[in-house]
Amino acid sequence: MSSMPADQSAVTVTVLGLGPMGRALAGAFLDAGVRTTVWNRTPGRDRELVERGAHGAGSAAQAVAASGVTVVCVVNYDAADGILRDEAVTAALKGRTVVNLTADTPTRARSTADWAAAHGIRYLDGAIMTATPSIGKPDAVFLHSGPEDLYQEVRPVLDALGGSHTHLGTDIGRAAAYDIALLDVFWTAMVGYVHALAVARAEGITARELAPFAQGISTILPPLFAEWADDVDSGSFSGEGNPITSTVSTMAHVIETAESHGIEAGVMRAAEGQVRRVIARGHGTDGYTRVAELLGGKA
Ligand SMILES: NC(=O)c1ccc[n+]([C@@H]2O[C@H](COP(=O)([O-])OP(=O)(O)OC[C@H]3O[C@@H](n4cnc5c(N)ncnc54)[C@H](OP(=O)(O)O)[C@@H]3O)[C@@H](O)[C@H]2O)c1
């Protein structure tokens with residue numbers, strides 16, 4: 001997994017942002033023997049890391065000056081830009097590398113990359129797709145985008161974080177674009193789950209009673225993700241075995257039951273409305289994937 005050089009003390013890294021994820025990243029660097037400098041807007045969050053051997057910098061500018069590579073992991077790009085665009089920090093970063101693992105939109109990633117280029121700062125963007133306990137372990141998932149040669153250069157530093165690292169291409173916004181699409185999958189699924197728990201509860205079914213069956217539903221999703229991806233990329237939108245006219249009927253049952261208990265069903269109503277529009281356009285024998293075309297978006 002790791003391609004860390006033999007002398008790991010030769011590798012230095014700075015971590016800006018010591019929320020739960022920043023602390024996990026810094027901790028993984030320390031565990032891998034990387035000389036690690038840390039800084040956080042609110043003082044005191046570095047205490048445990050310093051006890052473990054990290055250098056606690058007095059300012060963000062001092063922190064970035066301590067290492068060739070700075071990893072940024074704060075709440076969003078407003079916060080990241082606020083730190084990086086400080087005059088002293090920008091000056092200290094000139095000629096150095098920033099790996100921004102803060103989550104935000106592709107547009108924000110591109111705009112910060114433009115700013116970095118204009119100030120002589122080497123810049124990679126990334127997204128972390130797994131929770132803090134995974135960091136430093138094999139199941140961590142990191143996505144990266146930006147210049148390929150820079151990615152290869154910092155790869156030994158990134159490898160200290162464990163898990164898998166995938167370079168998605170030179171378009172700096174690509175990691176954020178994957179992140180957004182995957183968050184869309186995740187949150188829509190969780191929106192469905194909490195709604196299901198409310199409907200089940202209204203029917204006298206506890207969350208614990210439903211959970212094993214909900215887990216059963218989740219196991220049928222991975223093959224469907226692959227099958228539907230083929231359908232969408234090929235434009236076949238196959239409804240064989242499950243036409244969208246059948247889909248709309250089951251959605252209507254969910255809405256009727258939820259609303260009969262006074263539970264709002266706005267999300268499912270929106271989904272049902274999309275399906276009805278597909279049918280109205282004459283695609284009633286197609287599969288649910290036809291909705292992706294209805295929703296539009298350029299490839
Ligand atoms: N936690 C996870 O499991 C997870 C998983 C995947 C991705 N991520 C991503 O990782 C990033 C960091 O997440 P997190 O879990 O550490 O918690 P978070 O609450 O998203 O971020 C907390 C960090 O942001 C800093 N911050 C907030 N506003 C700031 C500002 N205006 N200026 C400077 N710093 C500011 C905080 O500093 P203070 O201490 O001073 O408030 C702290 O260091 C996020 O983009 C998140 O989406 C997290």
# chains A, B, ... in the order shown; residues from 1 in each chain; ligands from 1
call {"tool": "residues_near_ligand", "arguments": {"ligand": "ligand 1", "cutoff": "6 Å", "atoms": "only C-alpha atoms and all ligand atoms", "output": "JSON, numbers by chain"}}
result
{"A": [17, 18, 19, 20, 21, 22, 40, 41, 42, 73, 74, 75, 76, 79, 102, 103, 128, 129, 130, 131, 132]}
call {"tool": "residues_around", "arguments": {"residues": "Asp114 (chain A)", "least_positions_apart": "4", "cutoff": "12 Å", "atoms": "only C-alpha atoms", "output": "list in words"}}
result
Asp81, Thr107, Arg108, Ala109, Arg110, Ala118, His119, Gly120, Ile121, Arg122, Tyr123, Leu124, Asp125, Gly146, Asp171, Ile172 and Gly173 of chain A
call {"tool": "select_by_dssp", "arguments": {"residues": "region 24-139 of chain A", "states": "helix (DSSP H, G or I)", "output": "MDAnalysis selection string"}}
result
chainID A and resid 24:31 47:51 60:65 77:84 87:93 106:118 132:134
call {"tool": "residues_around", "arguments": {"residues": "region 177-187 of chain A", "least_positions_apart": "2", "cutoff": "9 Å", "atoms": "only C-alpha atoms", "output": "list in words"}}
result
Ala103, Asp104, Thr105, Pro106, Thr107, Gly126, Ala127, Ile128, Met129, Leu143, Leu168, Gly173, Arg174, Ala175, Ala189, Met190, Val191 and Gly192 of chain A
call {"tool": "write_last_selection", "arguments": {"atoms": "all heavy atoms", "output": "compact mmCIF listing (two decimals), in the first residue's frame"}}
result
# COMPACT_ATOMS: atom_id res chain seq x y z
N ALA A 103 -14.10 19.72 1.49
CA ALA A 103 -15.21 19.42 0.57
C ALA A 103 -15.92 20.71 0.16
O ALA A 103 -16.18 21.57 0.99
CB ALA A 103 -16.21 18.49 1.25
N ASP A 104 -16.19 20.83 -1.13
CA ASP A 104 -17.02 21.93 -1.64
C ASP A 104 -17.37 21.60 -3.08
O ASP A 104 -17.28 20.44 -3.50
CB ASP A 104 -16.29 23.29 -1.51
CG ASP A 104 -17.28 24.44 -1.26
OD1 ASP A 104 -18.27 24.54 -2.01
OD2 ASP A 104 -17.07 25.23 -0.33
N THR A 105 -17.77 22.60 -3.85
CA THR A 105 -18.25 22.33 -5.21
C THR A 105 -17.10 22.35 -6.22
O THR A 105 -16.05 22.94 -5.96
CB THR A 105 -19.26 23.42 -5.62
OG1 THR A 105 -18.58 24.68 -5.66
CG2 THR A 105 -20.42 23.50 -4.64
N PRO A 106 -17.32 21.78 -7.42
CA PRO A 106 -16.28 21.83 -8.46
C PRO A 106 -15.92 23.27 -8.83
O PRO A 106 -14.75 23.57 -9.07
CB PRO A 106 -16.93 21.10 -9.65
CG PRO A 106 -18.02 20.27 -9.07
CD PRO A 106 -18.49 20.95 -7.82
N THR A 107 -16.92 24.15 -8.85
CA THR A 107 -16.66 25.55 -9.22
C THR A 107 -15.71 26.20 -8.23
O THR A 107 -14.77 26.92 -8.61
CB THR A 107 -17.99 26.33 -9.25
OG1 THR A 107 -18.84 25.68 -10.18
CG2 THR A 107 -17.80 27.77 -9.67
N GLY A 126 -8.77 17.51 -3.64
CA GLY A 126 -9.12 16.13 -3.32
C GLY A 126 -10.40 16.05 -2.53
O GLY A 126 -10.91 17.06 -2.04
N ALA A 127 -10.92 14.86 -2.42
CA ALA A 127 -12.13 14.62 -1.64
C ALA A 127 -11.93 13.33 -0.85
O ALA A 127 -11.33 12.37 -1.34
CB ALA A 127 -13.35 14.50 -2.56
N ILE A 128 -12.44 13.36 0.38
CA ILE A 128 -12.34 12.17 1.24
C ILE A 128 -13.72 11.53 1.27
O ILE A 128 -14.71 12.19 1.62
CB ILE A 128 -11.90 12.56 2.66
CG1 ILE A 128 -10.62 13.38 2.61
CG2 ILE A 128 -11.72 11.32 3.53
CD1 ILE A 128 -10.25 14.03 3.95
N MET A 129 -13.79 10.28 0.88
CA MET A 129 -15.10 9.63 0.72
C MET A 129 -15.46 8.71 1.89
O MET A 129 -16.48 8.02 1.83
CB MET A 129 -15.15 8.82 -0.59
CG MET A 129 -14.87 9.63 -1.85
SD MET A 129 -15.70 11.25 -1.93
CE MET A 129 -17.39 10.81 -1.62
N LEU A 143 -10.06 10.75 -3.29
CA LEU A 143 -10.11 11.06 -4.72
C LEU A 143 -9.29 12.33 -4.93
O LEU A 143 -9.34 13.25 -4.11
CB LEU A 143 -11.55 11.29 -5.17
CG LEU A 143 -12.54 10.16 -4.87
CD1 LEU A 143 -13.95 10.54 -5.33
CD2 LEU A 143 -12.09 8.86 -5.52
N LEU A 168 -8.19 11.32 -10.62
CA LEU A 168 -9.32 11.27 -11.56
C LEU A 168 -9.09 12.08 -12.83
O LEU A 168 -9.93 12.05 -13.73
CB LEU A 168 -10.58 11.79 -10.86
CG LEU A 168 -11.06 10.95 -9.68
CD1 LEU A 168 -12.08 11.71 -8.85
CD2 LEU A 168 -11.64 9.62 -10.16
N GLY A 173 -11.50 20.35 -10.91
CA GLY A 173 -12.82 20.23 -10.29
C GLY A 173 -13.36 18.80 -10.25
O GLY A 173 -14.43 18.56 -9.70
N ARG A 174 -12.61 17.86 -10.84
CA ARG A 174 -13.17 16.52 -11.03
C ARG A 174 -13.38 15.76 -9.71
O ARG A 174 -14.38 15.06 -9.53
CB ARG A 174 -12.28 15.73 -11.98
CG ARG A 174 -13.00 14.63 -12.70
CD ARG A 174 -12.23 14.20 -13.94
NE ARG A 174 -12.71 12.95 -14.48
CZ ARG A 174 -13.74 12.83 -15.29
NH1 ARG A 174 -14.40 13.91 -15.66
NH2 ARG A 174 -14.13 11.65 -15.73
N ALA A 175 -12.44 15.90 -8.78
CA ALA A 175 -12.62 15.19 -7.49
C ALA A 175 -13.86 15.73 -6.78
O ALA A 175 -14.66 14.95 -6.24
CB ALA A 175 -11.38 15.37 -6.61
N ALA A 189 -30.24 8.51 -0.35
CA ALA A 189 -30.53 7.22 0.29
C ALA A 189 -30.90 7.41 1.76
O ALA A 189 -31.86 6.81 2.27
CB ALA A 189 -29.31 6.30 0.17
N MET A 190 -30.16 8.28 2.45
CA MET A 190 -30.43 8.48 3.87
C MET A 190 -31.75 9.23 4.09
O MET A 190 -32.45 8.99 5.08
CB MET A 190 -29.26 9.22 4.54
CG MET A 190 -27.96 8.42 4.54
SD MET A 190 -28.19 6.63 4.72
CE MET A 190 -27.61 6.36 6.37
N VAL A 191 -32.07 10.14 3.17
CA VAL A 191 -33.38 10.82 3.22
C VAL A 191 -34.48 9.77 3.14
O VAL A 191 -35.47 9.81 3.89
CB VAL A 191 -33.50 11.85 2.07
CG1 VAL A 191 -34.94 12.30 1.88
CG2 VAL A 191 -32.60 13.06 2.32
N GLY A 192 -34.32 8.82 2.23
CA GLY A 192 -35.30 7.74 2.09
C GLY A 192 -35.38 6.89 3.35
O GLY A 192 -36.48 6.51 3.79
call {"tool": "residues_around", "arguments": {"residues": "Ala198 (chain A)", "least_positions_apart": "3", "cutoff": "9 Å", "atoms": "only C-alpha atoms", "output": "number ranges by chain"}}
result
A: 193-195, 201-203, 207, 258, 263
call {"tool": "write_last_selection", "arguments": {"atoms": "N, CA and C atoms", "output": "short mmCIF file (atom, residue, chain, number, x, y, z; two decimals), in the first residue's frame"}}
result
data_model
loop_
_atom_site.label_atom_id
_atom_site.label_comp_id
_atom_site.auth_asym_id
_atom_site.auth_seq_id
_atom_site.Cartn_x
_atom_site.Cartn_y
_atom_site.Cartn_z
N TYR A 193 -34.21 6.64 3.94
CA TYR A 193 -34.20 5.75 5.11
C TYR A 193 -34.91 6.39 6.31
N VAL A 194 -34.59 7.67 6.60
CA VAL A 194 -35.25 8.28 7.78
C VAL A 194 -36.75 8.44 7.53
N HIS A 195 -37.14 8.67 6.27
CA HIS A 195 -38.57 8.77 5.96
C HIS A 195 -39.22 7.41 6.18
N ARG A 201 -42.71 3.49 11.73
CA ARG A 201 -43.09 3.76 13.13
C ARG A 201 -44.58 4.04 13.24
N ALA A 202 -45.10 4.80 12.26
CA ALA A 202 -46.53 5.12 12.27
C ALA A 202 -47.37 3.86 12.08
N GLU A 203 -46.77 2.84 11.48
CA GLU A 203 -47.46 1.55 11.28
C GLU A 203 -47.15 0.57 12.41
N ALA A 207 -37.76 0.91 14.45
CA ALA A 207 -36.61 1.05 13.55
C ALA A 207 -35.76 -0.21 13.56
N ALA A 258 -47.82 7.37 3.79
CA ALA A 258 -47.18 8.40 4.62
C ALA A 258 -48.19 9.49 4.95
N ILE A 263 -47.63 12.24 7.69
CA ILE A 263 -46.18 12.39 7.45
C ILE A 263 -45.99 13.01 6.07
#
call {"tool": "closest_residue", "arguments": {"among": "A:Ala140, A:Ala176, A:Ala60, A:Ala28", "to": "Gly163 (chain A)", "atoms": "only C-alpha atoms"}}
result
A:Ala140
call {"tool": "closest_residue", "arguments": {"among": "A:Asp31, A:Asp78, A:Glu227, A:Glu256", "to": "Arg269 (chain A)", "atoms": "only C-alpha atoms"}}
result
A:Glu256
call {"tool": "select_by_dssp", "arguments": {"residues": "region 83-281 of chain A", "states": "strand (DSSP E or B)", "output": "PyMOL selection string"}}
result
chain A and resi 97-100+122-128+141-145+164-167
call {"tool": "write_last_selection", "arguments": {"atoms": "N, CA, C and O atoms", "output": "short mmCIF file (atom, residue, chain, number, x, y, z; two decimals), in the first residue's frame"}}
result
data_model
loop_
_atom_site.label_atom_id
_atom_site.label_comp_id
_atom_site.auth_asym_id
_atom_site.auth_seq_id
_atom_site.Cartn_x
_atom_site.Cartn_y
_atom_site.Cartn_z
N THR A 97 3.38 23.39 -2.20
CA THR A 97 2.23 22.62 -2.70
C THR A 97 1.09 22.62 -1.69
O THR A 97 1.33 22.36 -0.50
N VAL A 98 -0.12 22.87 -2.18
CA VAL A 98 -1.33 22.74 -1.36
C VAL A 98 -2.14 21.55 -1.87
O VAL A 98 -2.40 21.45 -3.08
N VAL A 99 -2.52 20.66 -0.97
CA VAL A 99 -3.47 19.60 -1.30
C VAL A 99 -4.73 19.93 -0.50
O VAL A 99 -4.74 19.82 0.72
N ASN A 100 -5.76 20.37 -1.20
CA ASN A 100 -6.96 20.82 -0.50
C ASN A 100 -7.97 19.68 -0.40
O ASN A 100 -8.62 19.32 -1.38
N ARG A 122 1.57 25.59 -6.06
CA ARG A 122 1.23 24.33 -6.75
C ARG A 122 0.02 23.72 -6.03
O ARG A 122 0.00 23.65 -4.80
N TYR A 123 -0.98 23.29 -6.80
CA TYR A 123 -2.29 23.02 -6.18
C TYR A 123 -2.92 21.72 -6.69
O TYR A 123 -3.02 21.49 -7.89
N LEU A 124 -3.35 20.90 -5.73
CA LEU A 124 -4.13 19.70 -6.03
C LEU A 124 -5.41 19.77 -5.21
O LEU A 124 -5.41 20.26 -4.09
N ASP A 125 -6.49 19.27 -5.79
CA ASP A 125 -7.74 19.21 -5.04
C ASP A 125 -8.07 17.74 -4.75
O ASP A 125 -7.70 16.86 -5.52
N GLY A 126 -8.77 17.51 -3.64
CA GLY A 126 -9.12 16.13 -3.32
C GLY A 126 -10.40 16.05 -2.53
O GLY A 126 -10.91 17.06 -2.04
N ALA A 127 -10.92 14.86 -2.42
CA ALA A 127 -12.13 14.62 -1.64
C ALA A 127 -11.93 13.33 -0.85
O ALA A 127 -11.33 12.37 -1.34
N ILE A 128 -12.44 13.36 0.38
CA ILE A 128 -12.34 12.17 1.24
C ILE A 128 -13.72 11.53 1.27
O ILE A 128 -14.71 12.19 1.62
N VAL A 141 -10.84 6.11 1.56
CA VAL A 141 -10.95 6.36 0.11
C VAL A 141 -10.71 7.84 -0.15
O VAL A 141 -11.43 8.70 0.39
N PHE A 142 -9.71 8.14 -0.97
CA PHE A 142 -9.38 9.51 -1.34
C PHE A 142 -9.45 9.66 -2.85
O PHE A 142 -8.96 8.79 -3.59
N LEU A 143 -10.06 10.75 -3.29
CA LEU A 143 -10.11 11.06 -4.72
C LEU A 143 -9.29 12.33 -4.93
O LEU A 143 -9.34 13.25 -4.11
N HIS A 144 -8.56 12.38 -6.06
CA HIS A 144 -7.71 13.54 -6.31
C HIS A 144 -7.87 14.01 -7.74
O HIS A 144 -8.16 13.21 -8.64
N SER A 145 -7.63 15.31 -7.94
CA SER A 145 -7.57 15.82 -9.31
C SER A 145 -6.59 16.98 -9.37
O SER A 145 -6.30 17.62 -8.36
N SER A 164 -7.07 3.92 -0.31
CA SER A 164 -6.85 3.99 -1.76
C SER A 164 -6.88 5.45 -2.20
O SER A 164 -7.66 6.25 -1.68
N HIS A 165 -6.00 5.76 -3.14
CA HIS A 165 -5.94 7.11 -3.71
C HIS A 165 -6.14 6.98 -5.21
O HIS A 165 -5.45 6.20 -5.87
N THR A 166 -7.11 7.72 -5.75
CA THR A 166 -7.38 7.65 -7.18
C THR A 166 -7.23 9.04 -7.78
O THR A 166 -7.87 9.99 -7.31
N HIS A 167 -6.37 9.14 -8.79
CA HIS A 167 -6.24 10.41 -9.51
C HIS A 167 -7.24 10.38 -10.66
O HIS A 167 -7.17 9.54 -11.54
#
call {"tool": "residues_around", "arguments": {"residues": "Lys94 (chain A)", "least_positions_apart": "5", "cutoff": "12 Å", "atoms": "only C-alpha atoms", "output": "PyMOL selection string"}}
result
chain A and resi 61+64-65+67-70+84-85+87-89+115-123
call {"tool": "write_last_selection", "arguments": {"atoms": "N, CA and C atoms", "output": "mmCIF file, in the first residue's frame"}}
result
data_model
loop_
_atom_site.group_PDB
_atom_site.id
_atom_site.type_symbol
_atom_site.label_atom_id
_atom_site.label_comp_id
_atom_site.auth_asym_id
_atom_site.auth_seq_id
_atom_site.Cartn_x
_atom_site.Cartn_y
_atom_site.Cartn_z
ATOM 1 N N ALA A 61 0.672 31.051 8.629
ATOM 2 C CA ALA A 61 1.831 31.353 7.794
ATOM 3 C C ALA A 61 3.055 30.561 8.270
ATOM 4 N N VAL A 64 2.596 26.814 7.184
ATOM 5 C CA VAL A 64 2.842 26.438 5.782
ATOM 6 C C VAL A 64 4.325 26.575 5.434
ATOM 7 N N ALA A 65 5.033 27.477 6.143
ATOM 8 C CA ALA A 65 6.464 27.663 5.871
ATOM 9 C C ALA A 65 7.283 26.457 6.349
ATOM 10 N N SER A 67 6.725 23.235 5.838
ATOM 11 C CA SER A 67 6.660 22.003 5.031
ATOM 12 C C SER A 67 6.551 22.310 3.544
ATOM 13 N N GLY A 68 6.967 21.355 2.762
ATOM 14 C CA GLY A 68 6.809 21.512 1.312
ATOM 15 C C GLY A 68 5.369 21.311 0.874
ATOM 16 N N VAL A 69 4.645 20.477 1.632
ATOM 17 C CA VAL A 69 3.257 20.157 1.267
ATOM 18 C C VAL A 69 2.336 20.557 2.416
ATOM 19 N N THR A 70 1.290 21.287 2.083
ATOM 20 C CA THR A 70 0.273 21.658 3.076
ATOM 21 C C THR A 70 -1.048 21.008 2.700
ATOM 22 N N LEU A 84 -6.036 30.632 3.283
ATOM 23 C CA LEU A 84 -4.976 30.636 2.265
ATOM 24 C C LEU A 84 -4.720 32.024 1.693
ATOM 25 N N ARG A 85 -5.798 32.839 1.583
ATOM 26 C CA ARG A 85 -5.651 34.136 0.913
ATOM 27 C C ARG A 85 -5.167 35.242 1.853
ATOM 28 N N GLU A 87 -2.518 37.433 3.404
ATOM 29 C CA GLU A 87 -1.307 37.876 2.687
ATOM 30 C C GLU A 87 -0.059 37.097 3.101
ATOM 31 N N ALA A 88 0.146 36.927 4.412
ATOM 32 C CA ALA A 88 1.351 36.251 4.899
ATOM 33 C C ALA A 88 1.342 34.769 4.502
ATOM 34 N N VAL A 89 0.166 34.163 4.525
ATOM 35 C CA VAL A 89 0.067 32.736 4.160
ATOM 36 C C VAL A 89 0.352 32.571 2.666
ATOM 37 N N TRP A 115 -6.678 30.913 -8.409
ATOM 38 C CA TRP A 115 -6.000 31.823 -7.469
ATOM 39 C C TRP A 115 -4.599 31.296 -7.160
ATOM 40 N N ALA A 116 -4.488 29.987 -6.905
ATOM 41 C CA ALA A 116 -3.179 29.402 -6.560
ATOM 42 C C ALA A 116 -2.194 29.596 -7.722
ATOM 43 N N ALA A 117 -2.656 29.329 -8.940
ATOM 44 C CA ALA A 117 -1.776 29.467 -10.110
ATOM 45 C C ALA A 117 -1.284 30.908 -10.237
ATOM 46 N N ALA A 118 -2.185 31.847 -9.971
ATOM 47 C CA ALA A 118 -1.820 33.268 -10.099
ATOM 48 C C ALA A 118 -0.813 33.681 -9.030
ATOM 49 N N HIS A 119 -0.669 32.883 -7.966
ATOM 50 C CA HIS A 119 0.258 33.245 -6.880
ATOM 51 C C HIS A 119 1.432 32.271 -6.778
ATOM 52 N N GLY A 120 1.667 31.478 -7.833
ATOM 53 C CA GLY A 120 2.842 30.593 -7.851
ATOM 54 C C GLY A 120 2.755 29.456 -6.849
ATOM 55 N N ILE A 121 1.518 29.032 -6.532
ATOM 56 C CA ILE A 121 1.315 27.942 -5.564
ATOM 57 C C ILE A 121 0.893 26.695 -6.333
ATOM 58 N N ARG A 122 1.571 25.587 -6.065
ATOM 59 C CA ARG A 122 1.233 24.329 -6.749
ATOM 60 C C ARG A 122 0.021 23.724 -6.031
ATOM 61 N N TYR A 123 -0.982 23.295 -6.795
ATOM 62 C CA TYR A 123 -2.287 23.022 -6.183
ATOM 63 C C TYR A 123 -2.922 21.722 -6.688
#
call {"tool": "residues_around", "arguments": {"residues": "His55 (chain A)", "least_positions_apart": "4", "cutoff": "8 Å", "atoms": "only C-alpha atoms", "output": "MDAnalysis selection string"}}
result
chainID A and resid 36:38 50
call {"tool": "residues_around", "arguments": {"residues": "Gly273 (chain A)", "least_positions_apart": "3", "cutoff": "12 Å", "atoms": "only C-alpha atoms", "output": "PyMOL selection string"}}
result
chain A and resi 247-249+251-252+255+266-270+276-280+291+294-295
call {"tool": "closest_residue", "arguments": {"among": "A:Gly204, A:Gly162, A:Pro212, A:Gly56", "to": "Pro133 (chain A)", "atoms": "only C-alpha atoms"}}
result
A:Gly162
call {"tool": "atom_distance", "arguments": {"atom1": "CA of Ala24 (chain A)", "atom2": "CA of Val157 (chain A)"}}
result
14.8 Å
call {"tool": "atom_distance", "arguments": {"atom1": "CA of Gln152 (chain A)", "atom2": "CA of Ala63 (chain A)"}}
result
23.4 Å
